[in-house]
Every structure is written in C-alpha cells, then in structure tokens.
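Asks: structure.pdb is the file, holding PDB, C-alpha atoms and all ligand atoms:
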MODEL        1
ATOM      1  CA  MET T1286      64.344  23.804 -18.333
ATOM      2  CA  SER T1287      66.349  26.292 -16.315
ATOM      3  CA  PHE T1288      65.072  27.169 -12.879
ATOM      4  CA  SER T1289      64.583  30.871 -13.744
ATOM      5  CA  ARG T1290      62.547  30.014 -16.826
ATOM      6  CA  TYR T1291      60.414  27.651 -14.777
ATOM      7  CA  THR T1292      59.772  30.387 -12.193
ATOM      8  CA  ARG T1293      58.897  32.863 -14.928
ATOM      9  CA  ILE T1294      56.319  30.495 -16.447
ATOM     10  CA  ARG T1295      54.851  29.771 -13.023
ATOM     11  CA  LYS T1296      54.602  33.500 -12.282
ATOM     12  CA  SER T1297      52.820  34.301 -15.559
ATOM     13  CA  LEU T1298      50.432  31.370 -15.069
ATOM     14  CA  ARG T1299      49.605  32.707 -11.612
ATOM     15  CA  ALA T1300      49.015  36.199 -13.056
ATOM     16  CA  LEU T1301      46.703  34.741 -15.718
ATOM     17  CA  GLY T1302      44.769  32.868 -13.054
ATOM     18  CA  ALA T1303      44.361  36.045 -11.011
ATOM     19  CA  LEU T1304      43.135  37.918 -14.108
ATOM     20  CA  ALA T1305      40.577  35.218 -14.833
ATOM     21  CA  ILE T1306      39.290  35.415 -11.249
ATOM     22  CA  ILE T1307      39.033  39.234 -11.422
ATOM     23  CA  ALA T1308      37.207  39.043 -14.774
ATOM     24  CA  GLY T1309      34.795  36.480 -13.347
ATOM     25  CA  LEU T1310      34.144  38.541 -10.225
ATOM     26  CA  SER T1311      33.471  41.781 -12.103
ATOM     27  CA  ALA T1312      31.074  40.072 -14.525
ATOM     28  CA  ALA T1313      29.204  38.591 -11.560
ATOM     29  CA  SER T1314      29.127  41.864  -9.622
ATOM     30  CA  LEU T1315      27.833  43.812 -12.640
ATOM     31  CA  ALA T1316      24.862  41.492 -13.121
ATOM     32  CA  GLY T1317      21.780  42.280 -11.068
ATOM     33  CA  ASP T1318      18.643  40.574  -9.832
ATOM     34  CA  ILE T1319      15.109  41.671 -10.608
ATOM     35  CA  THR T1320      12.724  40.994  -7.754
ATOM     36  CA  GLY T1321       9.069  41.879  -7.621
ATOM     37  CA  LYS T1322       5.428  41.056  -7.336
ATOM     38  CA  VAL T1323       2.687  40.518  -9.860
ATOM     39  CA  SER T1324      -0.793  41.682  -8.827
ATOM     40  CA  GLY T1325      -4.202  42.392 -10.266
ATOM     41  CA  LEU T1326      -4.466  39.136 -12.216
ATOM     42  CA  ARG T1327      -7.119  36.525 -11.455
ATOM     43  CA  SER T1328      -4.364  34.262 -10.130
ATOM     44  CA  ALA T1329      -0.988  35.512  -8.861
ATOM     45  CA  ALA T1330       0.581  32.051  -9.136
ATOM     46  CA  ASN T1331       2.140  30.494 -12.237
ATOM     47  CA  VAL T1332       2.725  33.802 -14.010
ATOM     48  CA  VAL T1333       5.770  33.822 -16.318
ATOM     49  CA  VAL T1334       7.857  37.006 -15.945
ATOM     50  CA  TYR T1335      10.628  37.619 -18.475
ATOM     51  CA  ILE T1336      12.713  40.327 -20.094
ATOM     52  CA  ASP T1337      13.370  40.902 -23.786
ATOM     53  CA  ALA T1338      17.118  40.194 -23.549
ATOM     54  CA  PRO T1339      18.327  37.431 -25.827
ATOM     55  CA  GLY T1340      20.961  34.966 -24.676
ATOM     56  CA  ALA T1341      22.011  31.391 -24.777
ATOM     57  CA  GLY T1342      19.226  28.961 -23.997
ATOM     58  CA  GLY T1343      19.492  25.229 -24.309
ATOM     59  CA  GLY T1344      19.483  22.426 -21.814
ATOM     60  CA  HIS T1345      16.592  20.167 -20.934
ATOM     61  CA  ALA T1346      13.341  20.602 -19.018
ATOM     62  CA  VAL T1347      10.697  18.042 -18.118
ATOM     63  CA  MET T1348       6.944  17.999 -18.710
ATOM     64  CA  ASP T1349       5.264  14.959 -17.183
ATOM     65  CA  GLN T1350       1.796  13.513 -17.563
ATOM     66  CA  LYS T1351       0.766  12.069 -14.220
ATOM     67  CA  LYS T1352      -2.660  11.254 -12.762
ATOM     68  CA  MET T1353      -4.203  12.583 -15.983
ATOM     69  CA  THR T1354      -2.568  15.993 -15.492
ATOM     70  CA  PHE T1355       0.260  17.893 -17.146
ATOM     71  CA  ILE T1356       2.928  18.469 -14.458
ATOM     72  CA  PRO T1357       3.911  21.248 -14.065
ATOM     73  CA  HIS T1358       0.776  23.026 -15.248
ATOM     74  CA  VAL T1359       2.948  25.886 -16.552
ATOM     75  CA  LEU T1360       6.554  25.296 -17.622
ATOM     76  CA  ALA T1361       8.735  28.270 -18.562
ATOM     77  CA  VAL T1362      11.805  27.575 -20.722
ATOM     78  CA  ALA T1363      14.239  29.694 -22.705
ATOM     79  CA  LYS T1364      14.242  29.519 -26.506
ATOM     80  CA  GLY T1365      16.426  26.601 -27.605
ATOM     81  CA  THR T1366      15.464  24.376 -24.660
ATOM     82  CA  THR T1367      14.613  20.728 -25.268
ATOM     83  CA  VAL T1368      11.557  19.571 -23.328
ATOM     84  CA  ASP T1369      11.419  15.891 -22.408
ATOM     85  CA  PHE T1370       7.789  14.769 -22.371
ATOM     86  CA  LEU T1371       7.171  11.852 -20.002
ATOM     87  CA  ASN T1372       4.224   9.595 -19.359
ATOM     88  CA  SER T1373       3.981   8.388 -15.756
ATOM     89  CA  ASP T1374       0.460   6.972 -16.063
ATOM     90  CA  PRO T1375      -0.499   3.342 -16.800
ATOM     91  CA  VAL T1376      -2.506   4.587 -19.783
ATOM     92  CA  GLY T1377      -1.423   5.992 -23.130
ATOM     93  CA  HIS T1378      -1.220   9.783 -23.413
ATOM     94  CA  ASN T1379      -0.905  12.008 -26.454
ATOM     95  CA  VAL T1380       0.768  15.434 -26.639
ATOM     96  CA  TYR T1381      -0.020  18.009 -29.291
ATOM     97  CA  TRP T1382      -0.115  21.768 -29.579
ATOM     98  CA  PRO T1383      -2.299  23.734 -32.012
ATOM     99  CA  SER T1384       0.115  26.696 -32.228
ATOM    100  CA  VAL T1385       3.238  28.362 -30.804
ATOM    101  CA  GLY T1386       2.866  32.031 -29.931
ATOM    102  CA  GLY T1387      -0.428  32.041 -31.836
ATOM    103  CA  ASN T1388       1.237  30.777 -35.026
ATOM    104  CA  LYS T1389      -0.806  27.789 -36.259
ATOM    105  CA  GLY T1390       1.979  26.986 -38.719
ATOM    106  CA  LEU T1391       3.981  25.721 -35.710
ATOM    107  CA  ALA T1392       1.271  23.245 -34.631
ATOM    108  CA  HIS T1393       2.708  19.810 -33.911
ATOM    109  CA  ASN T1394       1.564  16.365 -32.805
ATOM    110  CA  LEU T1395       4.191  14.403 -30.854
ATOM    111  CA  GLY T1396       2.143  11.216 -30.984
ATOM    112  CA  THR T1397       0.733   8.881 -28.341
ATOM    113  CA  TRP T1398       2.938   6.744 -26.123
ATOM    114  CA  PRO T1399       2.778   4.438 -23.104
ATOM    115  CA  GLN T1400       4.081   4.771 -19.541
ATOM    116  CA  GLY T1401       7.847   5.080 -19.150
ATOM    117  CA  VAL T1402       8.534   6.315 -22.691
ATOM    118  CA  LYS T1403      10.050   9.761 -23.257
ATOM    119  CA  LYS T1404       9.651  12.003 -26.305
ATOM    120  CA  SER T1405      11.681  15.179 -26.730
ATOM    121  CA  PHE T1406      11.148  18.387 -28.656
ATOM    122  CA  THR T1407      13.329  21.508 -28.943
ATOM    123  CA  PHE T1408      11.434  24.804 -28.854
ATOM    124  CA  ASN T1409      13.119  27.449 -30.997
ATOM    125  CA  SER T1410      10.238  29.939 -31.314
ATOM    126  CA  PRO T1411       9.151  32.096 -28.374
ATOM    127  CA  GLY T1412       5.568  32.291 -27.167
ATOM    128  CA  VAL T1413       2.943  30.168 -25.502
ATOM    129  CA  VAL T1414       2.608  26.491 -26.389
ATOM    130  CA  PRO T1415      -0.840  25.242 -25.292
ATOM    131  CA  LEU T1416      -0.485  21.508 -24.570
ATOM    132  CA  LEU T1417      -3.334  19.121 -25.173
ATOM    133  CA  CYS T1418      -3.873  15.355 -25.142
ATOM    134  CA  ASN T1419      -6.215  13.997 -27.804
ATOM    135  CA  VAL T1420      -6.967  10.897 -25.680
ATOM    136  CA  HIS T1421      -8.190  12.948 -22.687
ATOM    137  CA  ALA T1422      -9.986  16.128 -23.702
ATOM    138  CA  GLU T1423      -9.879  17.516 -20.149
ATOM    139  CA  MET T1424      -6.065  17.605 -20.058
ATOM    140  CA  ALA T1425      -4.410  20.988 -20.602
ATOM    141  CA  GLY T1426      -1.036  22.484 -19.773
ATOM    142  CA  TYR T1427       1.271  25.212 -21.022
ATOM    143  CA  ILE T1428       4.870  25.721 -22.006
ATOM    144  CA  PHE T1429       5.937  29.338 -22.291
ATOM    145  CA  VAL T1430       9.091  29.836 -24.386
ATOM    146  CA  THR T1431      10.930  33.033 -23.457
ATOM    147  CA  PRO T1432      13.198  34.905 -25.905
ATOM    148  CA  GLY T1433      16.221  34.565 -23.601
ATOM    149  CA  PRO T1434      17.464  33.001 -20.381
ATOM    150  CA  TYR T1435      16.108  35.677 -17.994
ATOM    151  CA  TYR T1436      12.738  34.566 -16.675
ATOM    152  CA  ALA T1437      10.942  33.389 -13.558
ATOM    153  CA  LEU T1438       7.637  31.883 -12.513
ATOM    154  CA  THR T1439       5.668  33.529  -9.691
ATOM    155  CA  ASN T1440       4.877  31.712  -6.471
ATOM    156  CA  GLY T1441       1.418  31.600  -4.895
ATOM    157  CA  SER T1442       1.762  35.223  -3.705
ATOM    158  CA  GLY T1443       2.878  36.583  -7.067
ATOM    159  CA  ASP T1444       6.512  37.004  -5.990
ATOM    160  CA  PHE T1445       9.358  36.334  -8.396
ATOM    161  CA  VAL T1446      13.140  36.721  -8.737
ATOM    162  CA  ILE T1447      15.040  36.854 -12.038
ATOM    163  CA  LYS T1448      18.717  36.327 -11.255
ATOM    164  CA  GLY T1449      21.948  37.371 -12.955
ATOM    165  CA  VAL T1450      20.595  39.961 -15.394
ATOM    166  CA  PRO T1451      23.269  41.979 -17.247
ATOM    167  CA  PRO T1452      22.956  45.753 -16.696
ATOM    168  CA  GLY T1453      20.751  47.495 -19.245
ATOM    169  CA  HIS T1454      17.356  48.870 -20.174
ATOM    170  CA  TYR T1455      14.743  46.202 -20.798
ATOM    171  CA  THR T1456      11.094  45.573 -21.393
ATOM    172  CA  ILE T1457       9.746  43.252 -18.710
ATOM    173  CA  LYS T1458       6.646  41.253 -19.582
ATOM    174  CA  THR T1459       4.295  38.705 -18.072
ATOM    175  CA  TRP T1460       2.389  35.802 -19.488
ATOM    176  CA  SER T1461      -0.425  34.084 -17.637
ATOM    177  CA  GLU T1462      -3.040  31.531 -18.510
ATOM    178  CA  ARG T1463      -5.791  34.076 -17.848
ATOM    179  CA  GLY T1464      -5.366  37.767 -18.334
ATOM    180  CA  ARG T1465      -3.498  40.045 -20.677
ATOM    181  CA  PRO T1466       0.266  40.546 -20.497
ATOM    182  CA  ILE T1467       1.669  43.251 -18.248
ATOM    183  CA  VAL T1468       4.416  45.231 -20.017
ATOM    184  CA  GLN T1469       6.769  47.648 -18.272
ATOM    185  CA  GLN T1470      10.192  49.231 -18.810
ATOM    186  CA  ILE T1471      12.995  48.493 -16.374
ATOM    187  CA  ASP T1472      16.610  49.586 -15.823
ATOM    188  CA  VAL T1473      18.926  47.022 -14.290
ATOM    189  CA  SER T1474      22.281  47.852 -12.755
ATOM    190  CA  GLY T1475      24.211  45.875 -10.164
ATOM    191  CA  GLY T1476      22.413  44.750  -7.027
ATOM    192  CA  THR T1477      18.677  44.228  -6.809
ATOM    193  CA  THR T1478      16.071  46.092  -8.823
ATOM    194  CA  THR T1479      12.527  45.889  -7.456
ATOM    195  CA  VAL T1480       9.499  46.163  -9.686
ATOM    196  CA  ASN T1481       5.753  45.948  -9.092
ATOM    197  CA  LEU T1482       3.804  44.548 -12.022
ATOM    198  CA  ALA T1483       0.147  45.467 -11.605
ATOM    199  CA  ALA T1484      -2.416  44.494 -14.204
ATOM    200  CA  GLY T1485      -4.513  47.389 -15.489
ATOM    201  CA  ARG T1486      -8.246  47.336 -15.154
TER     202      ARG T1486
HETATM  203 CU    CU D   1      -3.891  12.022 -21.802
ENDMDL
END
Let me see the file written as structure tokens.

Replies:
Amino acid sequence: MSFSRYTRIRKSLRALGALAIIAGLSAASLAGDITGKVSGLRSAANVVVYIDAPGAGGGHAVMDQKKMTFIPHVLAVAKGTTVDFLNSDPVGHNVYWPSVGGNKGLAHNLGTWPQGVKKSFTFNSPGVVPLLCNVHAEMAGYIFVTPGPYYALTNGSGDFVIKGVPPGHYTIKTWSERGRPIVQQIDVSGGTTTVNLAAGR
C-alpha cells in the first residue's frame, strides 16, 4: 500500500470515529430525565412509575424467596425481561400467579422447588403479576411489567428518577399495591423534567 493511500484511509477512519462520537453525544444530550414525587397514596414507597413509550426490554432480573418472603416485595421490569426465581430457604417454595394485568388466561404455575434451584420466566405482557406460593398462603409479592424500558420505583419518600427518556409527549402512570393508578401527561425535552404525581381523593 502506498503511503498516501494509507494516510487517506487513516484520515477517513478518524473522521468516521469523530462522527460516531458526535452522534452518540447528541443522542445522549437529547434524552432527558424525569424526576418527581408520588404523594397521596397510603404508602409512598414501592410505587412503580412508568411512561407509555415502548422500547427494547430484555435482560434478567431476580426475584428471591428468603425467610418466607418474596424479595423484593415489588419488582419492576420492562416487557421482555426474564425473571430468575430463586429459593434461598431450606424449605420448598412454590411460585404461581393467577393473572397478568388482570388477564386470567395468563395465569401460570412455575412449580415447587428446593433451595438453590433457579426457575426462569420471560414476561412479554405488561401489567401486574401477583406472586403467590401455594405452600405458604401468607407469602405475597408483585412483579410489575412495564410496556417499555422507562420506569422507576419510588423510595420511602415517594421520590423517583426515570433516566434517559427520549424527547416527546408521554402519559406517565403509577402502579402501587394499594390505591388506584395516577395518570398524567408529560412533555420531555433535554435536561430534567420535574413532575408531582398526587393521588386524587
Ligand atoms: Cu413458600
């Protein structure tokens, strides 16, 4: 290869690299964060907040059964996520759900298994999945499957942050174990958009 040709190729590769960096930066700077607070519900903690934007889900999340409790009590995942169900107790546990998003046709029993065994299930339908164990009637937990990858769970004060949301007009919604959903409209541009989600009386 001649020296000039080599330099030319190197120069165009460098230009391509610069373009890729610029494209990456502008995509990142266009996306915004939604920050806010949920109030007026019986409990401000463990509220799922999500927007109606679809997007790629996938990946894995973990729901454990430990000390006769589902941990975490509420798990939020995007549609398409595989949940790995663990058993960390020295007794057998069962996992079943009577519906997904209220649809009893999506009821499923994963079976009963001993400590250290993992069973996985991919959730492709959005909505709440009430988890139960038919060995221990007192056990209850929840998976909430969101329609896309933009969601958060509130902390003990009701605060939440949804990161990296593409600009646009969305419906923002909540799901909580007790209380009706809060539904509001929101416009997201770059930077941080703040929203207060107060439950009606
Ligand atoms: Cu159990």

Asks: Using all atoms listed in the file, find the one residue out of T:Leu1326, T:Val1385, T:Val1332, T:Ala1338 that sits nearest to Gly1453 in chain T.

Replies: T:Ala1338

Asks: Here is a test: counting all atoms listed in the file, which residue of T:Val1323, T:Val1376, T:Val1413, T:Val1333 is nearest to ligand CU 1 (chain D)?

Replies: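 Looking at the shortest contact to ligand CU 1 (chain D), the residue is T:Val1376.
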
Asks: Return as a list in words the set of residues that the PyMOL selection byres (((not hetatm)) within 7 of (chain D and resi 1)) yields on the displayed structure.

Replies: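 For this structure, the PyMOL selection byres (((not hetatm)) within 7 of (chain D and resi 1)) resolves to Met1353, Gly1377, His1378, Asn1379, Cys1418, Asn1419, Val1420, His1421 and Met1424 of chain T.
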
Asks: Determine the residue membership of the PyMOL selection byres (((chain T and resi 1387) around 12) and not hetatm) for the file above and supply it as a VMD selection string.

Replies: chain T and resid 1382 to 1386 1388 to 1392 1410 to 1415 1429

Asks: So, counting all atoms listed in the file, which residue among T:Gly1321, T:Pro1357, T:Pro1434, T:Pro1339 is closest to Leu1482 in chain T?

Replies: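 Of T:Gly1321, T:Pro1357, T:Pro1434, T:Pro1339, the one nearest Leu1482 in chain T, counting all atoms listed in the file, is T:Gly1321.
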
Asks: So which residues get picked by the PyMOL selection byres (((chain T and resi 1329) around 12) and not hetatm) here, written as a short mmCIF file (atom, residue, chain, number, x, y, z; two decimals) with C-alpha atoms, in the frame of the given file?

Replies:
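Below is the file result.cif, written as the result:
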data_model
loop_
_atom_site.label_atom_id
_atom_site.label_comp_id
_atom_site.auth_asym_id
_atom_site.auth_seq_id
_atom_site.Cartn_x
_atom_site.Cartn_y
_atom_site.Cartn_z
CA GLY T 1321 9.07 41.88 -7.62
CA LYS T 1322 5.43 41.06 -7.34
CA VAL T 1323 2.69 40.52 -9.86
CA SER T 1324 -0.79 41.68 -8.83
CA GLY T 1325 -4.20 42.39 -10.27
CA LEU T 1326 -4.47 39.14 -12.22
CA ARG T 1327 -7.12 36.52 -11.46
CA SER T 1328 -4.36 34.26 -10.13
CA ALA T 1330 0.58 32.05 -9.14
CA ASN T 1331 2.14 30.49 -12.24
CA VAL T 1332 2.72 33.80 -14.01
CA VAL T 1333 5.77 33.82 -16.32
CA VAL T 1334 7.86 37.01 -15.94
CA LEU T 1438 7.64 31.88 -12.51
CA THR T 1439 5.67 33.53 -9.69
CA ASN T 1440 4.88 31.71 -6.47
CA GLY T 1441 1.42 31.60 -4.89
CA SER T 1442 1.76 35.22 -3.70
CA GLY T 1443 2.88 36.58 -7.07
CA ASP T 1444 6.51 37.00 -5.99
CA PHE T 1445 9.36 36.33 -8.40
CA THR T 1459 4.30 38.70 -18.07
CA TRP T 1460 2.39 35.80 -19.49
CA SER T 1461 -0.42 34.08 -17.64
CA GLU T 1462 -3.04 31.53 -18.51
CA ARG T 1463 -5.79 34.08 -17.85
CA GLY T 1464 -5.37 37.77 -18.33
CA LEU T 1482 3.80 44.55 -12.02
CA ALA T 1483 0.15 45.47 -11.60
CA ALA T 1484 -2.42 44.49 -14.20
#

Asks: How far is it from CA of Asp1349 in chain T to CA of Tyr1436 in chain T, in Å with one decimal?

Replies: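 Value for the CA of Asp1349 in chain T-CA of Tyr1436 in chain T distance: 21.0 Å.
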
Asks: What's the separation between CA of Pro1432 in chain T and CA of Gln1350 in chain T, in Å to one decimal place?

Replies: 25.6 Å

Asks: Using Å and a single decimal, report how far CA of Lys1458 in chain T sits from CA of Thr1354 in chain T.

Replies: 27.2 Å
